[in-house]
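J.: Got a structure for you, written out below as structure tokens; questions coming shortly.
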Amino acid sequence: MSSEWPLWEVFIRGQHGLNHRHVGSLHAPDAEMAIHNARDVYTRRNEGVSIWVVRSTDITASVPSEKGPLFDPSNSKVYRHPTFFDVPEEVGHM
Amino acid sequence: MYAQMVKTDGACVKSLEDMEPQERAFQERIDAGQKIEPKEWMPEGYRKTLVRQISQHAHSEIVGQLPEGNWITRAPTLERKAILLAKVQDEAGHGLYLYCAAETLGISRDEMYEQLHCGKAKYSSIFNYPTLSWADIGAIGWLVDGAAIMNQVPLQRCSYGPYARAMVRICKEESFHQRQGFDVLAKMVKGTPAQKAMVQDALDRWWWPSLMMFGPSDDASVHSAQSMAWKIKQNSNDELRQKFVDQTVPQADYLGLTVPDPELKWNEAKGGYDFGQPDWKEFFEVIAGNGPCNAERLGARRKAWDDGAWFREGLAAHATKAEQRRTAGQAAG
Ligand SMILES: [Fe+2]
Ligand SMILES: [Fe+2]
Ligand SMILES: [Fe+2]
């Protein structure tokens, strides 16, 4: 019988109050085991203080070929960056 | 290396002008140092070659646990035992990172296991040699992990994102492996004459197989040229072997050991050592499955897989039941 355990994506919060970050994936029969396995596979050297696991099939991803239509619109909106505006030196820090 | 003699798909390296627009755009991204990510378009040859290379690398990490596992119960002190356990556990982790990276290219974990267990997939020749004494554990960390580092460091820059990221994790952990091995030997050479002799004997047996890890000369190989164009291989086998010898010989001197190569000689002009060639006939025999421990290693892998079947199935059944209970509870509540 070949019934592969489902694949889980693993997210770990490092020590320094950062967001959870994707670190990799692993196979496990259920969420509880996925957390246990993630502990052993991805935090053998204190790499984290919190683990999230999500079934890979539950993740919806943007389509690589639609990268253009999705992200290009923000290219032209340079005024969203503060450096777009000149602030006279006399005004000081702003 | 951990992936030796990976067959590359693609008969010859195409020039940009000869490529279809899609492939050309792909190659230009690689040339510009961009990473290729899963689900993005890639030439079928790139995908297949990477599957072969990454899965072979993964198999090597997994099978590589066996020669060292042999000494966990016989480590000379509790501390050495704990260190060796941690090292071997890291290797299991390395295998898992790499299997996951390969899976992003569309091969399943079970398929890869199947290829290993039926003898179709290769793993590094080095793990088909026996570990006869405690000094062998030192020699493996120092030489085998040392050689692996030579190869894995440049792979951190390889063009396929998931593989490159797995290599970053792995490289962070490897230097512990090499140092603990060197430390074992550094202690033993200060011991009794018998202990020192044990270390020399380990070096005598592991030196040539370690040089074989880099694979035969591939400077003129088409496979290698294509893999380099795709940036899934960065250095030629001879280049890495030279680097390894140059780094390792002074360390052997420090330990007061003799490298078992009568041709070994410092070459001032090239700023490196001249050295002899390993017995490539032996290498091809080992790769073909006829090394001293091939049958034992594969046998141990198969047995672990078969003996673990009830456990994998049991946990899967438990997960299914718990899920059913949960959905039934939701429906009732
Ligand atoms: Fe490793
Ligand atoms: Fe290793
Ligand atoms: Fe290692």
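Please note that chains go A, B, ... in the order of the structure tokens, that every chain numbers its residues from 1, and that ligands are numbered from 1 in the order shown.
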Hey, which residues come within 6 Å of ligand 3 if we count only C-alpha atoms and all ligand atoms? Could you give them as a tab-separated table (two decimals) with C-alpha atoms, in the first residue's frame?
T.:
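Heads up, here's the output in pocket06.tsv:
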chain	number	residue	atom	x	y	z
B	91	GLU	CA	22.15	14.11	8.17
B	145	ASP	CA	32.00	15.98	5.45
B	174	GLU	CA	28.19	20.98	8.15
B	177	HIS	CA	30.30	17.75	11.39
J.: For chain B, work out the contacting residues on chain A at 10 Å, counting only C-alpha atoms, and write them as number ranges by chain.
T.: A: 1-7, 23-33, 40-42, 44-45, 63-65
J.: Go through the chains and note each residue within 12 Å of ligand 2, using only C-alpha atoms and all ligand atoms, then give the set as a PyMOL selection string.
T.: chain B and resi 1-3+57-68+87-95+123-124+126-127+140-152+167+170-171+173-178+181+213
J.: I'd like the contact shell of Ser217 in chain B - 8 Å cut-off, only C-alpha atoms, skipping same-chain residues fewer than 4 positions apart - returned as a ChimeraX atom specification.
T.: /B:236-238
J.: Please dump the current selection as a PDB file, in the first residue's frame; keep C-alpha atoms.
T.:
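Produced file selection-v8.pdb, reproduced below:
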ATOM      1  CA  SER B 236      34.602  21.122 -12.308  1.00  0.00           C
ATOM      2  CA  ASN B 237      35.291  17.932 -10.374  1.00  0.00           C
ATOM      3  CA  ASP B 238      39.059  18.360 -10.710  1.00  0.00           C
TER       4      ASP B 238
END
J.: From the options A:Arg13, A:Arg80, A:Lys67, A:His93, which residue's atoms come nearest to Ser50 in chain A, counting only C-alpha atoms?
T.: A:Arg13
J.: DSSP on the backbone: which residues in range 183-274 of chain B end up as alpha helix (DSSP H)? Give the answer as an MDAnalysis selection string.
T.: chainID B and resid 183:188 193:212 222:229 237:255
J.: Do a neighbour search on Tyr46 in chain B at 10 Å with only C-alpha atoms, toss out local chain neighbours closer than 6 positions, and write the hits as a short mmCIF file (atom, residue, chain, number, x, y, z; two decimals) with N, CA, C and O atoms, in the first residue's frame.
T.:
data_model
loop_
_atom_site.label_atom_id
_atom_site.label_comp_id
_atom_site.auth_asym_id
_atom_site.auth_seq_id
_atom_site.Cartn_x
_atom_site.Cartn_y
_atom_site.Cartn_z
N THR B 8 23.15 14.66 -17.40
CA THR B 8 22.45 15.89 -17.72
C THR B 8 21.62 15.70 -18.97
O THR B 8 22.09 15.08 -19.93
N ASP B 9 20.41 16.20 -18.97
CA ASP B 9 19.59 16.14 -20.17
C ASP B 9 19.98 17.30 -21.08
O ASP B 9 20.17 18.41 -20.62
N GLY B 10 20.05 17.05 -22.34
CA GLY B 10 20.47 18.08 -23.28
C GLY B 10 21.75 17.60 -23.95
O GLY B 10 22.75 17.34 -23.30
N TYR B 160 18.40 27.05 -8.90
CA TYR B 160 17.06 26.63 -8.48
C TYR B 160 16.83 27.00 -7.01
O TYR B 160 17.49 26.47 -6.10
N GLN B 226 26.61 21.63 -19.72
CA GLN B 226 25.20 22.02 -19.66
C GLN B 226 24.79 22.38 -18.22
O GLN B 226 24.11 23.37 -17.99
N SER B 227 25.22 21.56 -17.27
CA SER B 227 24.88 21.84 -15.87
C SER B 227 25.48 23.16 -15.41
O SER B 227 24.89 23.87 -14.60
N TRP B 230 23.41 25.99 -16.78
CA TRP B 230 22.18 26.11 -15.99
C TRP B 230 22.46 26.54 -14.56
O TRP B 230 21.54 26.66 -13.74
N ILE B 232 23.62 24.78 -12.12
CA ILE B 232 23.33 23.79 -11.08
C ILE B 232 24.60 23.03 -10.74
O ILE B 232 24.61 22.11 -9.94
#
J.: Neighbouring residues of Ala252 in chain B were defined as those with any atom within 12 Å, considering only C-alpha atoms; residues of the same chain fewer than 5 positions away were excluded. Please report them as an MDAnalysis selection string.
T.: chainID B and resid 139 142:143 182 185:186 189 199:200 202:204 207 245:247 257:260
J.: What lies within 9 Å of Arg301 in chain B using only C-alpha atoms, ignoring chain neighbours under 2 positions off, as a list in words?
T.: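 Answer for this query is Ile62, Val63, Leu66, Leu116, His117, Glu296, Arg297, Leu298, Gly299, Lys303, Ala304, Trp305 and Asp306 of chain B.
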J.: Can you write out the residues you just picked, keeping all heavy atoms, as a compact mmCIF listing (two decimals), in the first residue's frame?
T.:
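Wrote it out as again_35.txt, contents follow:
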# COMPACT_ATOMS: atom_id res chain seq x y z
N ILE B 62 20.80 10.34 3.44
CA ILE B 62 20.07 9.31 4.19
C ILE B 62 20.92 8.05 4.35
O ILE B 62 21.09 7.53 5.46
CB ILE B 62 18.72 8.99 3.48
CG1 ILE B 62 17.81 10.23 3.49
CG2 ILE B 62 18.04 7.80 4.14
CD1 ILE B 62 17.42 10.74 4.86
N VAL B 63 21.47 7.54 3.27
CA VAL B 63 22.31 6.34 3.35
C VAL B 63 23.56 6.64 4.17
O VAL B 63 24.07 5.78 4.89
CB VAL B 63 22.67 5.81 1.95
CG1 VAL B 63 23.61 4.61 2.04
CG2 VAL B 63 21.41 5.42 1.18
N LEU B 66 24.15 5.50 7.77
CA LEU B 66 24.35 4.10 8.16
C LEU B 66 25.76 3.79 8.65
O LEU B 66 25.92 3.18 9.70
CB LEU B 66 23.94 3.17 7.01
CG LEU B 66 22.44 3.26 6.65
CD1 LEU B 66 22.16 2.52 5.35
CD2 LEU B 66 21.59 2.71 7.78
N LEU B 116 15.33 4.52 -4.96
CA LEU B 116 16.49 4.15 -4.15
C LEU B 116 16.45 2.66 -3.80
O LEU B 116 17.42 1.94 -3.97
CB LEU B 116 16.51 4.99 -2.86
CG LEU B 116 17.60 4.61 -1.84
CD1 LEU B 116 18.99 4.89 -2.39
CD2 LEU B 116 17.41 5.34 -0.51
N HIS B 117 15.28 2.24 -3.34
CA HIS B 117 15.17 0.87 -2.83
C HIS B 117 15.31 -0.19 -3.92
O HIS B 117 15.75 -1.29 -3.67
CB HIS B 117 13.84 0.69 -2.07
CG HIS B 117 13.76 1.55 -0.86
ND1 HIS B 117 12.56 1.94 -0.28
CD2 HIS B 117 14.72 2.13 -0.10
CE1 HIS B 117 12.80 2.71 0.76
NE2 HIS B 117 14.10 2.84 0.90
N GLU B 296 24.68 -4.33 1.83
CA GLU B 296 24.32 -4.10 3.23
C GLU B 296 23.56 -2.78 3.39
O GLU B 296 22.56 -2.70 4.09
CB GLU B 296 25.62 -4.08 4.05
CG GLU B 296 25.42 -4.07 5.54
CD GLU B 296 26.77 -3.92 6.27
OE1 GLU B 296 27.80 -4.39 5.74
OE2 GLU B 296 26.76 -3.31 7.35
N ARG B 297 24.06 -1.72 2.74
CA ARG B 297 23.41 -0.41 2.87
C ARG B 297 21.99 -0.43 2.32
O ARG B 297 21.06 0.02 2.97
CB ARG B 297 24.21 0.67 2.12
CG ARG B 297 25.64 0.85 2.58
CD ARG B 297 25.75 1.45 3.97
NE ARG B 297 27.15 1.65 4.33
CZ ARG B 297 27.77 1.06 5.35
NH1 ARG B 297 27.09 0.24 6.16
NH2 ARG B 297 29.05 1.29 5.60
N LEU B 298 21.85 -0.93 1.10
CA LEU B 298 20.51 -0.96 0.51
C LEU B 298 19.59 -1.88 1.30
O LEU B 298 18.41 -1.58 1.50
CB LEU B 298 20.58 -1.43 -0.95
CG LEU B 298 20.60 -0.34 -2.00
CD1 LEU B 298 20.34 -0.93 -3.37
CD2 LEU B 298 19.56 0.75 -1.69
N GLY B 299 20.16 -2.98 1.77
CA GLY B 299 19.37 -3.91 2.59
C GLY B 299 18.85 -3.21 3.83
O GLY B 299 17.67 -3.37 4.20
N LYS B 303 14.93 -2.59 4.66
CA LYS B 303 14.38 -3.18 5.88
C LYS B 303 13.71 -2.09 6.72
O LYS B 303 12.61 -2.27 7.24
CB LYS B 303 15.50 -3.85 6.67
CG LYS B 303 15.02 -4.56 7.92
CD LYS B 303 16.15 -5.36 8.56
CE LYS B 303 15.67 -6.19 9.75
NZ LYS B 303 14.94 -5.43 10.77
N ALA B 304 14.37 -0.93 6.82
CA ALA B 304 13.80 0.16 7.62
C ALA B 304 12.45 0.59 7.03
O ALA B 304 11.48 0.83 7.75
CB ALA B 304 14.76 1.35 7.66
N TRP B 305 12.39 0.65 5.70
CA TRP B 305 11.15 1.06 5.02
C TRP B 305 10.06 0.02 5.24
O TRP B 305 8.93 0.36 5.62
CB TRP B 305 11.44 1.26 3.53
CG TRP B 305 10.25 1.68 2.73
CD1 TRP B 305 9.58 0.92 1.81
CD2 TRP B 305 9.57 2.95 2.77
NE1 TRP B 305 8.55 1.64 1.26
CE2 TRP B 305 8.51 2.88 1.83
CE3 TRP B 305 9.76 4.12 3.50
CZ2 TRP B 305 7.64 3.95 1.61
CZ3 TRP B 305 8.88 5.19 3.28
CH2 TRP B 305 7.85 5.09 2.34
N ASP B 306 10.38 -1.24 5.05
CA ASP B 306 9.39 -2.31 5.19
C ASP B 306 8.95 -2.45 6.65
O ASP B 306 7.75 -2.57 6.94
CB ASP B 306 9.94 -3.64 4.69
CG ASP B 306 10.17 -3.61 3.17
OD1 ASP B 306 9.59 -2.72 2.51
OD2 ASP B 306 10.94 -4.45 2.66
J.: Would you pick out the contacts of Pro130 in chain B at 9 Å or less, using only C-alpha atoms, so that residues sharing its chain but fewer than 2 positions from it are not included, and give the list as JSON, numbers by chain?
T.: {"B": [67, 127, 128, 132, 136, 292, 293]}
J.: Could you save those same residues with C-alpha atoms as a PDB file, in the first residue's frame?
T.:
ATOM      1  CA  PRO B  67      28.163   3.882   8.370  1.00  0.00           C
ATOM      2  CA  PHE B 127      28.964   5.329   1.855  1.00  0.00           C
ATOM      3  CA  ASN B 128      29.656   1.848   0.535  1.00  0.00           C
ATOM      4  CA  LEU B 132      35.864  -0.672  11.101  1.00  0.00           C
ATOM      5  CA  ASP B 136      36.745   5.861  11.033  1.00  0.00           C
ATOM      6  CA  PRO B 292      32.205  -3.613  -0.085  1.00  0.00           C
ATOM      7  CA  CYS B 293      28.916  -2.519   1.544  1.00  0.00           C
TER       8      CYS B 293
END
J.: What is the distance, in Å and to one decimal place, between CA of Lys120 in chain B and CA of Ile287 in chain B?
T.: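 Straight-line distance from CA of Lys120 in chain B to CA of Ile287 in chain B works out to 11.2 Å.
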J.: Would you mind writing down, as a short mmCIF file (atom, residue, chain, number, x, y, z; two decimals) with N, CA and C atoms, in the first residue's frame, each residue of range 101-330 of chain B that DSSP on the backbone assigns to strand (DSSP E or B)?
T.:
data_model
loop_
_atom_site.label_atom_id
_atom_site.label_comp_id
_atom_site.auth_asym_id
_atom_site.auth_seq_id
_atom_site.Cartn_x
_atom_site.Cartn_y
_atom_site.Cartn_z
N TYR B 160 18.40 27.05 -8.90
CA TYR B 160 17.06 26.63 -8.48
C TYR B 160 16.83 27.00 -7.01
N LYS B 265 52.98 15.88 -3.70
CA LYS B 265 54.14 16.77 -3.60
C LYS B 265 53.68 18.21 -3.81
N TRP B 266 54.18 19.12 -2.99
CA TRP B 266 53.85 20.53 -3.14
C TRP B 266 54.42 21.06 -4.44
N ASN B 267 53.62 21.77 -5.19
CA ASN B 267 54.06 22.35 -6.45
C ASN B 267 54.02 23.86 -6.31
N GLY B 272 49.79 24.70 -5.35
CA GLY B 272 48.94 23.62 -4.85
C GLY B 272 49.72 22.32 -4.89
N TYR B 273 49.08 21.24 -4.44
CA TYR B 273 49.75 19.95 -4.44
C TYR B 273 49.54 19.22 -5.76
N ASP B 274 50.58 18.50 -6.18
CA ASP B 274 50.39 17.47 -7.20
C ASP B 274 50.03 16.20 -6.45
#
J.: Would you please work out which residue, of B:Gly276, B:Val153, B:Thr192, B:Lys187, is nearest to ligand 1 when using only C-alpha atoms and all ligand atoms?
T.: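 The shortest atom-to-atom distance to ligand 1 comes from B:Val153.
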J.: Quote the spacing between CA of Lys81 in chain B and atom 1 (Fe, counted along the ligand's line) of ligand 1 in Å to one decimal place.
T.: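 These two atoms are separated by 18.1 Å.
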J.: Which is closest to ligand 1 among B:Ile83, B:Lys14, B:Lys172, B:Arg52, if we use only C-alpha atoms and all ligand atoms?
T.: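 Using only C-alpha atoms and all ligand atoms, the shortest distance to ligand 1 belongs to B:Lys172.
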J.: Suppose you want the space between CA of Val6 in chain B and CA of Lys122 in chain B; what is it in Å?
T.: 9.0 Å
